[in-house]
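Novice: data.txt is reproduced below (compact mmCIF, C-alpha atoms).
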# COMPACT_ATOMS: atom_id res chain seq x y z
CA MET A 1 -23.86 -45.86 -55.78
CA SER A 2 -20.48 -44.15 -55.50
CA SER A 3 -20.37 -40.75 -53.79
CA ALA A 4 -16.67 -39.98 -54.31
CA ILE A 5 -13.84 -40.23 -56.83
CA SER A 6 -10.78 -42.14 -55.64
CA LYS A 7 -7.18 -41.09 -56.23
CA GLU A 8 -6.66 -44.30 -58.23
CA VAL A 9 -8.61 -42.70 -61.09
CA PHE A 10 -6.06 -39.93 -61.48
CA SER A 11 -3.07 -42.19 -60.90
CA PHE A 12 -4.23 -44.53 -63.69
CA PHE A 13 -4.65 -41.69 -66.18
CA LYS A 14 -1.24 -40.24 -65.30
CA LYS A 15 0.31 -43.60 -66.09
CA LEU A 16 -1.72 -43.84 -69.29
CA GLU A 17 -0.46 -40.39 -70.36
CA LYS A 18 3.07 -41.83 -70.36
CA ASN A 19 2.09 -45.17 -71.91
CA ASN A 20 -0.67 -44.38 -74.39
CA ASN A 21 -0.40 -47.55 -76.47
CA ARG A 22 -2.40 -50.72 -76.89
CA ASP A 23 0.14 -53.07 -75.35
CA TRP A 24 0.31 -51.14 -72.09
CA PHE A 25 -3.43 -50.58 -71.93
CA ASN A 26 -4.26 -54.24 -72.56
CA ALA A 27 -1.80 -55.28 -69.84
CA ASN A 28 -3.41 -52.86 -67.39
CA LYS A 29 -7.00 -53.27 -68.50
CA PRO A 30 -8.10 -55.02 -65.28
CA GLU A 31 -7.10 -51.90 -63.32
CA PHE A 32 -8.97 -49.72 -65.79
CA LYS A 33 -12.14 -51.80 -65.49
CA VAL A 34 -12.11 -51.33 -61.71
CA ILE A 35 -11.89 -47.54 -61.92
CA GLU A 36 -14.34 -47.46 -64.83
CA THR A 37 -16.93 -49.24 -62.69
CA GLU A 38 -16.32 -46.78 -59.85
CA VAL A 39 -16.65 -43.74 -62.10
CA LYS A 40 -19.78 -45.07 -63.81
CA GLN A 41 -21.35 -45.43 -60.39
CA PHE A 42 -20.42 -41.81 -59.65
CA TYR A 43 -22.07 -40.64 -62.87
CA ASN A 44 -25.16 -42.67 -62.05
CA THR A 45 -25.34 -41.02 -58.63
CA ILE A 46 -25.31 -37.61 -60.35
CA PHE A 47 -28.06 -38.87 -62.67
CA GLU A 48 -30.19 -39.87 -59.68
CA ASN A 49 -29.55 -36.55 -57.94
CA LEU A 50 -30.45 -34.57 -61.05
CA ASN A 51 -33.74 -36.40 -61.37
CA LYS A 52 -34.71 -35.20 -57.90
CA HIS A 53 -34.99 -31.64 -59.23
CA ASP A 54 -34.94 -32.00 -63.04
CA GLU A 55 -36.02 -34.50 -65.69
CA ILE A 56 -33.09 -36.39 -67.22
CA ASP A 57 -33.92 -39.09 -69.72
CA LYS A 58 -30.43 -40.25 -70.67
CA LEU A 59 -26.91 -40.50 -69.30
CA LYS A 60 -24.14 -41.09 -71.83
CA ILE A 61 -20.65 -41.97 -70.60
CA PHE A 62 -18.13 -41.73 -73.41
CA ARG A 63 -15.78 -44.61 -74.15
CA ILE A 64 -12.06 -44.34 -73.49
CA TYR A 65 -11.20 -45.34 -77.05
CA ARG A 66 -10.40 -42.40 -79.32
CA ASP A 67 -11.61 -42.19 -82.92
CA VAL A 68 -8.32 -41.47 -84.67
CA ARG A 69 -9.54 -41.84 -88.27
CA PHE A 70 -9.71 -38.11 -88.97
CA SER A 71 -7.39 -36.83 -86.26
CA LYS A 72 -3.73 -35.83 -86.38
CA ASN A 73 -3.47 -37.15 -82.82
CA LYS A 74 -3.15 -40.90 -83.26
CA LEU A 75 -2.95 -41.81 -79.56
CA PRO A 76 -5.52 -44.58 -79.09
CA TYR A 77 -6.90 -43.69 -75.65
CA LYS A 78 -8.42 -40.70 -73.93
CA THR A 79 -6.87 -39.69 -70.62
CA HIS A 80 -10.13 -38.56 -69.06
CA PHE A 81 -13.70 -39.61 -68.38
CA GLY A 82 -16.57 -37.65 -69.88
CA GLY A 83 -20.30 -38.02 -69.52
CA SER A 84 -23.38 -36.04 -70.53
CA PHE A 85 -26.88 -35.85 -69.05
CA HIS A 86 -29.75 -35.13 -71.46
CA ARG A 87 -32.86 -33.29 -70.30
CA THR A 88 -36.19 -34.69 -71.47
CA LYS A 89 -37.14 -33.24 -74.85
CA PRO A 90 -38.98 -31.59 -76.48
CA ARG A 91 -40.32 -29.67 -73.47
CA LEU A 92 -36.97 -29.29 -71.69
CA ARG A 93 -33.80 -28.08 -73.37
CA GLY A 94 -30.13 -27.94 -72.45
CA GLY A 95 -27.77 -30.48 -70.97
CA TYR A 96 -25.14 -31.17 -68.33
CA TYR A 97 -21.60 -32.52 -68.70
CA LEU A 98 -18.92 -33.80 -66.30
CA HIS A 99 -15.26 -34.13 -67.34
CA ILE A 100 -12.79 -35.90 -65.01
CA GLN A 101 -9.11 -35.48 -65.87
CA PRO A 102 -5.93 -35.20 -63.80
CA ASN A 103 -3.60 -32.19 -63.62
CA ASN A 104 -6.45 -29.87 -62.60
CA GLU A 105 -8.26 -30.30 -65.92
CA SER A 106 -11.62 -31.47 -64.52
CA PHE A 107 -14.73 -29.38 -65.09
CA ILE A 108 -18.49 -29.37 -65.34
CA ALA A 109 -20.37 -27.66 -68.15
CA THR A 110 -23.97 -26.80 -68.94
CA GLY A 111 -25.87 -25.20 -71.76
CA PHE A 112 -26.05 -25.68 -75.51
CA TRP A 113 -22.95 -27.16 -77.18
CA GLU A 114 -24.14 -27.54 -80.77
CA PRO A 115 -27.60 -26.02 -81.18
CA ALA A 116 -29.46 -27.18 -84.27
CA PRO A 117 -29.52 -24.42 -86.92
CA ALA A 118 -33.21 -23.72 -86.30
CA ASP A 119 -32.64 -23.50 -82.53
CA LEU A 120 -29.61 -21.23 -82.94
CA LEU A 121 -31.61 -18.88 -85.18
CA ARG A 122 -34.50 -18.85 -82.71
CA ILE A 123 -32.17 -17.97 -79.81
CA ARG A 124 -30.53 -15.19 -81.80
CA LYS A 125 -33.92 -13.78 -82.85
CA GLU A 126 -35.01 -13.76 -79.21
CA PHE A 127 -31.93 -11.82 -78.15
CA GLU A 128 -32.42 -9.45 -81.08
CA MET A 129 -35.98 -8.77 -79.99
CA ASP A 130 -35.40 -8.67 -76.21
CA ASP A 131 -32.19 -9.26 -74.27
CA TYR A 132 -33.40 -8.00 -70.90
CA GLU A 133 -34.43 -11.35 -69.45
CA ILE A 134 -31.19 -13.13 -70.30
CA ARG A 135 -29.19 -10.15 -68.99
CA ASP A 136 -31.07 -10.36 -65.69
CA ILE A 137 -30.22 -14.07 -65.38
CA LEU A 138 -26.55 -13.46 -66.12
CA ALA A 139 -26.42 -10.57 -63.65
CA ASN A 140 -27.91 -12.54 -60.75
CA LYS A 141 -25.29 -12.71 -58.00
CA SER A 142 -26.04 -16.26 -56.84
CA PHE A 143 -26.01 -17.44 -60.46
CA ASN A 144 -22.76 -15.81 -61.57
CA ALA A 145 -21.01 -16.67 -58.30
CA ILE A 146 -21.05 -20.22 -59.66
CA TRP A 147 -21.22 -19.87 -63.44
CA GLY A 148 -19.86 -16.39 -64.13
CA ASP A 149 -21.67 -13.60 -65.93
CA SER A 150 -21.01 -14.54 -69.55
CA PHE A 151 -21.12 -17.47 -71.95
CA VAL A 152 -18.09 -19.37 -73.19
CA GLY A 153 -17.91 -21.09 -76.56
CA ASP A 154 -17.41 -20.31 -80.22
CA GLU A 155 -18.76 -17.20 -81.92
CA VAL A 156 -18.69 -15.49 -85.31
CA LYS A 157 -16.25 -12.60 -85.75
CA THR A 158 -18.73 -9.80 -86.41
CA ALA A 159 -22.40 -10.70 -86.90
CA PRO A 160 -24.36 -13.68 -88.23
CA LYS A 161 -26.01 -13.26 -91.62
CA GLY A 162 -29.16 -11.19 -91.31
CA PHE A 163 -28.16 -9.48 -88.05
CA SER A 164 -26.65 -6.04 -87.54
CA LYS A 165 -23.19 -5.88 -86.01
CA GLU A 166 -24.36 -2.63 -84.38
CA HIS A 167 -27.18 -4.29 -82.44
CA LYS A 168 -26.97 -3.72 -78.68
CA ALA A 169 -27.14 -7.47 -78.06
CA ILE A 170 -24.56 -8.44 -80.68
CA ASP A 171 -22.31 -9.87 -77.95
CA LEU A 172 -25.03 -12.49 -77.38
CA ILE A 173 -26.25 -12.84 -80.95
CA LYS A 174 -22.83 -13.67 -82.41
CA LYS A 175 -22.41 -16.71 -80.16
CA LYS A 176 -22.59 -20.12 -81.83
CA GLN A 177 -22.62 -21.93 -78.49
CA TYR A 178 -24.22 -20.96 -75.19
CA ILE A 179 -22.13 -22.73 -72.56
CA PHE A 180 -21.09 -22.23 -68.96
CA THR A 181 -18.17 -24.08 -67.39
CA LYS A 182 -16.79 -24.51 -63.89
CA LYS A 183 -13.28 -25.89 -63.32
CA TYR A 184 -12.03 -28.08 -60.45
CA THR A 185 -8.61 -28.89 -59.10
CA ASP A 186 -7.61 -32.51 -58.51
CA GLU A 187 -7.91 -31.88 -54.78
CA GLU A 188 -11.48 -30.63 -55.19
CA VAL A 189 -12.45 -33.65 -57.31
CA LEU A 190 -11.15 -36.05 -54.67
CA ASP A 191 -12.91 -34.19 -51.88
CA THR A 192 -16.01 -35.85 -50.43
CA ASN A 193 -17.97 -32.63 -51.14
CA PHE A 194 -17.40 -32.87 -54.91
CA LEU A 195 -20.70 -34.65 -55.55
CA ASN A 196 -22.66 -32.09 -53.53
CA ASP A 197 -20.93 -29.20 -55.27
CA ILE A 198 -21.82 -30.62 -58.69
CA ASP A 199 -25.46 -30.96 -57.70
CA LYS A 200 -25.57 -27.45 -56.19
CA SER A 201 -23.99 -26.00 -59.33
CA PHE A 202 -26.37 -27.84 -61.66
CA LYS A 203 -29.34 -26.63 -59.60
CA ALA A 204 -28.13 -23.05 -59.99
CA ILE A 205 -28.34 -23.23 -63.80
CA ARG A 206 -32.10 -23.79 -63.80
CA PRO A 207 -33.19 -20.15 -64.32
CA PHE A 208 -31.19 -20.19 -67.56
CA PHE A 209 -32.56 -23.57 -68.64
CA ASP A 210 -36.14 -22.59 -67.79
CA TYR A 211 -35.79 -19.43 -69.86
CA MET A 212 -34.14 -21.15 -72.84
CA SER A 213 -36.65 -24.00 -72.78
CA ASP A 214 -39.45 -21.45 -73.00
CA VAL A 215 -37.71 -19.68 -75.89
CA LEU A 216 -37.09 -22.89 -77.84
CA THR A 217 -40.61 -24.25 -77.43
CA THR A 218 -42.42 -21.06 -78.58
CA ASP A 219 -42.33 -18.79 -81.60
CA LEU A 220 -41.48 -15.08 -81.40
CA ASN A 221 -45.12 -14.35 -80.56
CA GLY A 222 -45.02 -16.72 -77.58
CA VAL A 223 -47.16 -19.40 -79.24
CA SER A 224 -46.23 -22.95 -78.24
CA LEU A 225 -44.50 -25.06 -80.87
CA ILE A 226 -45.16 -28.36 -79.09
CA ASP A 227 -48.37 -30.22 -78.31
Could you take the file, read its structure, and then write that structure out as structure tokens?
Specialist:
Amino acid sequence: MSSAISKEVFSFFKKLEKNNNRDWFNANKPEFKVIETEVKQFYNTIFENLNKHDEIDKLKIFRIYRDVRFSKNKLPYKTHFGGSFHRTKPRLRGGYYLHIQPNNESFIATGFWEPAPADLLRIRKEFEMDDYEIRDILANKSFNAIWGDSFVGDEVKTAPKGFSKEHKAIDLIKKKQYIFTKKYTDEEVLDTNFLNDIDKSFKAIRPFFDYMSDVLTTDLNGVSLID
């Protein structure tokens, strides 16, 4: 399994940025297939590492072909690799993501991108009832040294329906996504320590995942919702 990203990955995407058309891509597809194999091996190494300290049931590496049917951007190819790692449901919740893109646009992300409506309501109700535990997680120095002390992602402008905009936890309740991200420079991605840093960072998110998994598998009285 691959333990590093080569500079050829970035050089290919930089060329693709200037030649994002089917003729050029088809002519250079052999080069793409080589780097694609390398990067898939890298993702699989992350998958194996994650399963040493978590339970991941699926790795999904997204295809380079863009769906342009409903997009104003009609360029046919992505200029990055993206892949997600799904924790084993229903007992475990949350997920991991790795994005590899030149020009210092690479990042990892964790959390809840598009919570189902029932899950989003349950999370908001938990924060409405008690926000102390999540505040403690966010305030932990070793945690926020890696992930920061606040969520990123979309939110409503004031308050979701049924919640008071004056609530002391409204900053958490109004979120529609509960995501953390960590950015990397091209130099950091090409460094041999990149794989270890990803694994260390993903390990550090576990207090948040353990808490959210408990929230999403119980009702507000703490009664389990799963067998």
Novice: Counting all atoms listed in the file, which of A:Asp119, A:Asn28, A:Ile64, A:Tyr132 gets nearest to A:Thr218?
Specialist: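 The closest residue to A:Thr218 is A:Asp119.
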Novice: Tell me, counting all atoms listed in the file, for each residue of stretch 144-207 of chain A within 7 Å of stretch 101-107 of chain A, which pair of atoms is nearest and how far apart they are in Å to one decimal, in rows ordered by chain and increasing number, as CSV.
Specialist:
residue,atom,partner,partner_atom,distance
A:Thr181,CA,A:Phe107,CA,6.7
A:Lys182,CA,A:Phe107,CA,5.4
A:Lys183,CA,A:Phe107,CA,4.2
A:Tyr184,CA,A:Ser106,CA,5.3
A:Thr185,CA,A:Asn104,CA,4.2
A:Asp186,CA,A:Asn104,CA,5.0
Novice: Could you check the closest approach to A:Ser84 for each of A:Asn193, A:Asn44, A:Asn140, A:Asn21 and tell me which residue wins, using all atoms listed in the file?
Specialist: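 So, comparing all the options, the nearest one is A:Asn44.
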Novice: Figure out the distance between atom CA of A:Gly111 and atom CA of A:Phe209, please, to one decimal in Å.
Specialist: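 Here the two named atoms are 7.6 Å from each other.
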Novice: List as a list in words the protein and nucleic acid residues near A:Thr110, meaning an atom at most 7 Å away when all atoms listed in the file are counted, but skip any in the same chain fewer than 4 places from it.
Specialist: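 Using all atoms listed in the file, the neighbours found are Gly95, Tyr96, Tyr97, Ile179, Phe180 and Thr181 of chain A.
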Novice: Give me, as a list in words, all polymer residues having an atom no more than 10 Å from A:His167, counting all atoms listed in the file and skipping those fewer than 6 positions away in the same chain.
Specialist: Phe127, Glu128, Ala159 and Ile173 of chain A
Novice: Choose the residue, out of A:Ala4, A:Ile134, A:Phe85, A:Phe208, that has the smallest atom-to-atom separation from A:Glu48; count all atoms listed in the file.
Specialist: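 Residue with the minimum atom-to-atom distance to A:Glu48: A:Phe85.
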Novice: Set the distance at 12 Å and use all atoms listed in the file: which residues neighbour A:Thr79 once local chain neighbours fewer than 2 positions away are removed? I'd like the list as an NGL selection string.
Specialist: :A and (9-21 or 25 or 32 or 62-66 or 75-77 or 81-82 or 99-103 or 105-106)
Novice: Using the selection just defined, write its residues with C-alpha atoms as a PDB file, keeping the file's coordinate frame.
Specialist:
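Generated file (out-v9.pdb):
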ATOM      1  CA  VAL A   9      -8.610 -42.700 -61.090  1.00  0.00           C
ATOM      2  CA  PHE A  10      -6.060 -39.930 -61.480  1.00  0.00           C
ATOM      3  CA  SER A  11      -3.070 -42.190 -60.900  1.00  0.00           C
ATOM      4  CA  PHE A  12      -4.230 -44.530 -63.690  1.00  0.00           C
ATOM      5  CA  PHE A  13      -4.650 -41.690 -66.180  1.00  0.00           C
ATOM      6  CA  LYS A  14      -1.240 -40.240 -65.300  1.00  0.00           C
ATOM      7  CA  LYS A  15       0.310 -43.600 -66.090  1.00  0.00           C
ATOM      8  CA  LEU A  16      -1.720 -43.840 -69.290  1.00  0.00           C
ATOM      9  CA  GLU A  17      -0.460 -40.390 -70.360  1.00  0.00           C
ATOM     10  CA  LYS A  18       3.070 -41.830 -70.360  1.00  0.00           C
ATOM     11  CA  ASN A  19       2.090 -45.170 -71.910  1.00  0.00           C
ATOM     12  CA  ASN A  20      -0.670 -44.380 -74.390  1.00  0.00           C
ATOM     13  CA  ASN A  21      -0.400 -47.550 -76.470  1.00  0.00           C
ATOM     14  CA  PHE A  25      -3.430 -50.580 -71.930  1.00  0.00           C
ATOM     15  CA  PHE A  32      -8.970 -49.720 -65.790  1.00  0.00           C
ATOM     16  CA  PHE A  62     -18.130 -41.730 -73.410  1.00  0.00           C
ATOM     17  CA  ARG A  63     -15.780 -44.610 -74.150  1.00  0.00           C
ATOM     18  CA  ILE A  64     -12.060 -44.340 -73.490  1.00  0.00           C
ATOM     19  CA  TYR A  65     -11.200 -45.340 -77.050  1.00  0.00           C
ATOM     20  CA  ARG A  66     -10.400 -42.400 -79.320  1.00  0.00           C
ATOM     21  CA  LEU A  75      -2.950 -41.810 -79.560  1.00  0.00           C
ATOM     22  CA  PRO A  76      -5.520 -44.580 -79.090  1.00  0.00           C
ATOM     23  CA  TYR A  77      -6.900 -43.690 -75.650  1.00  0.00           C
ATOM     24  CA  PHE A  81     -13.700 -39.610 -68.380  1.00  0.00           C
ATOM     25  CA  GLY A  82     -16.570 -37.650 -69.880  1.00  0.00           C
ATOM     26  CA  HIS A  99     -15.260 -34.130 -67.340  1.00  0.00           C
ATOM     27  CA  ILE A 100     -12.790 -35.900 -65.010  1.00  0.00           C
ATOM     28  CA  GLN A 101      -9.110 -35.480 -65.870  1.00  0.00           C
ATOM     29  CA  PRO A 102      -5.930 -35.200 -63.800  1.00  0.00           C
ATOM     30  CA  ASN A 103      -3.600 -32.190 -63.620  1.00  0.00           C
ATOM     31  CA  GLU A 105      -8.260 -30.300 -65.920  1.00  0.00           C
ATOM     32  CA  SER A 106     -11.620 -31.470 -64.520  1.00  0.00           C
TER      33      SER A 106
END
Novice: Considering all atoms listed in the file, return as a VMD selection string whatever protein or nucleic-acid residues lie within 10 Å of A:Lys200, sequence-local ones (same chain, fewer than 5 positions apart) excluded.
Specialist: chain A and resid 50 146 194 to 195 205
Novice: Any idea what's packed within 9 Å of A:Pro207, counting all atoms listed in the file, ignoring anything in its chain fewer than 4 positions away? Could you give it as a PyMOL selection string?
Specialist: chain A and resi 137+143+203+211-212
Novice: Put the listed atoms of stretch 48-54 of chain A in a box along x, y and z with 5 Å added on every side and give me the centre and edge lengths in Å to one decimal, as JSON.
Specialist:
{"center_x": -32.3, "center_y": -35.8, "center_z": -60.5, "size_x": 15.4, "size_y": 18.2, "size_z": 15.1}
Novice: Do you have the atom CA of A:Asp23-atom CA of A:Lys60 distance handy?
Specialist: 27.3 Å
Novice: So the first atom is atom CA of A:Arg122 and the second is atom CA of A:Glu155; what is the distance between them in Å, to one decimal place?
Specialist: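 Spanning atom CA of A:Arg122 to atom CA of A:Glu155 is a straight-line distance of 15.8 Å.
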Novice: Would you please work out which residue, of A:Glu188, A:Glu55, A:Asp227, A:Glu133, is nearest to A:Val215 when using only C-alpha atoms?
Specialist: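 Using only C-alpha atoms, A:Val215 sits closest to A:Glu133.
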Novice: Would you mind telling me which residue in A:Leu220, A:Leu92, A:Ala109, A:Val34 lies nearest to A:Arg124 when using all atoms listed in the file?
Specialist: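 Going through A:Leu220, A:Leu92, A:Ala109, A:Val34 one by one, the smallest distance to A:Arg124 is for A:Leu220.
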Novice: Quick one: of A:Lys157, A:Lys89, A:Arg22, A:Lys7, who's nearest to A:Lys175, counting all atoms listed in the file?
Specialist: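 Residue with the minimum atom-to-atom distance to A:Lys175: A:Lys157.
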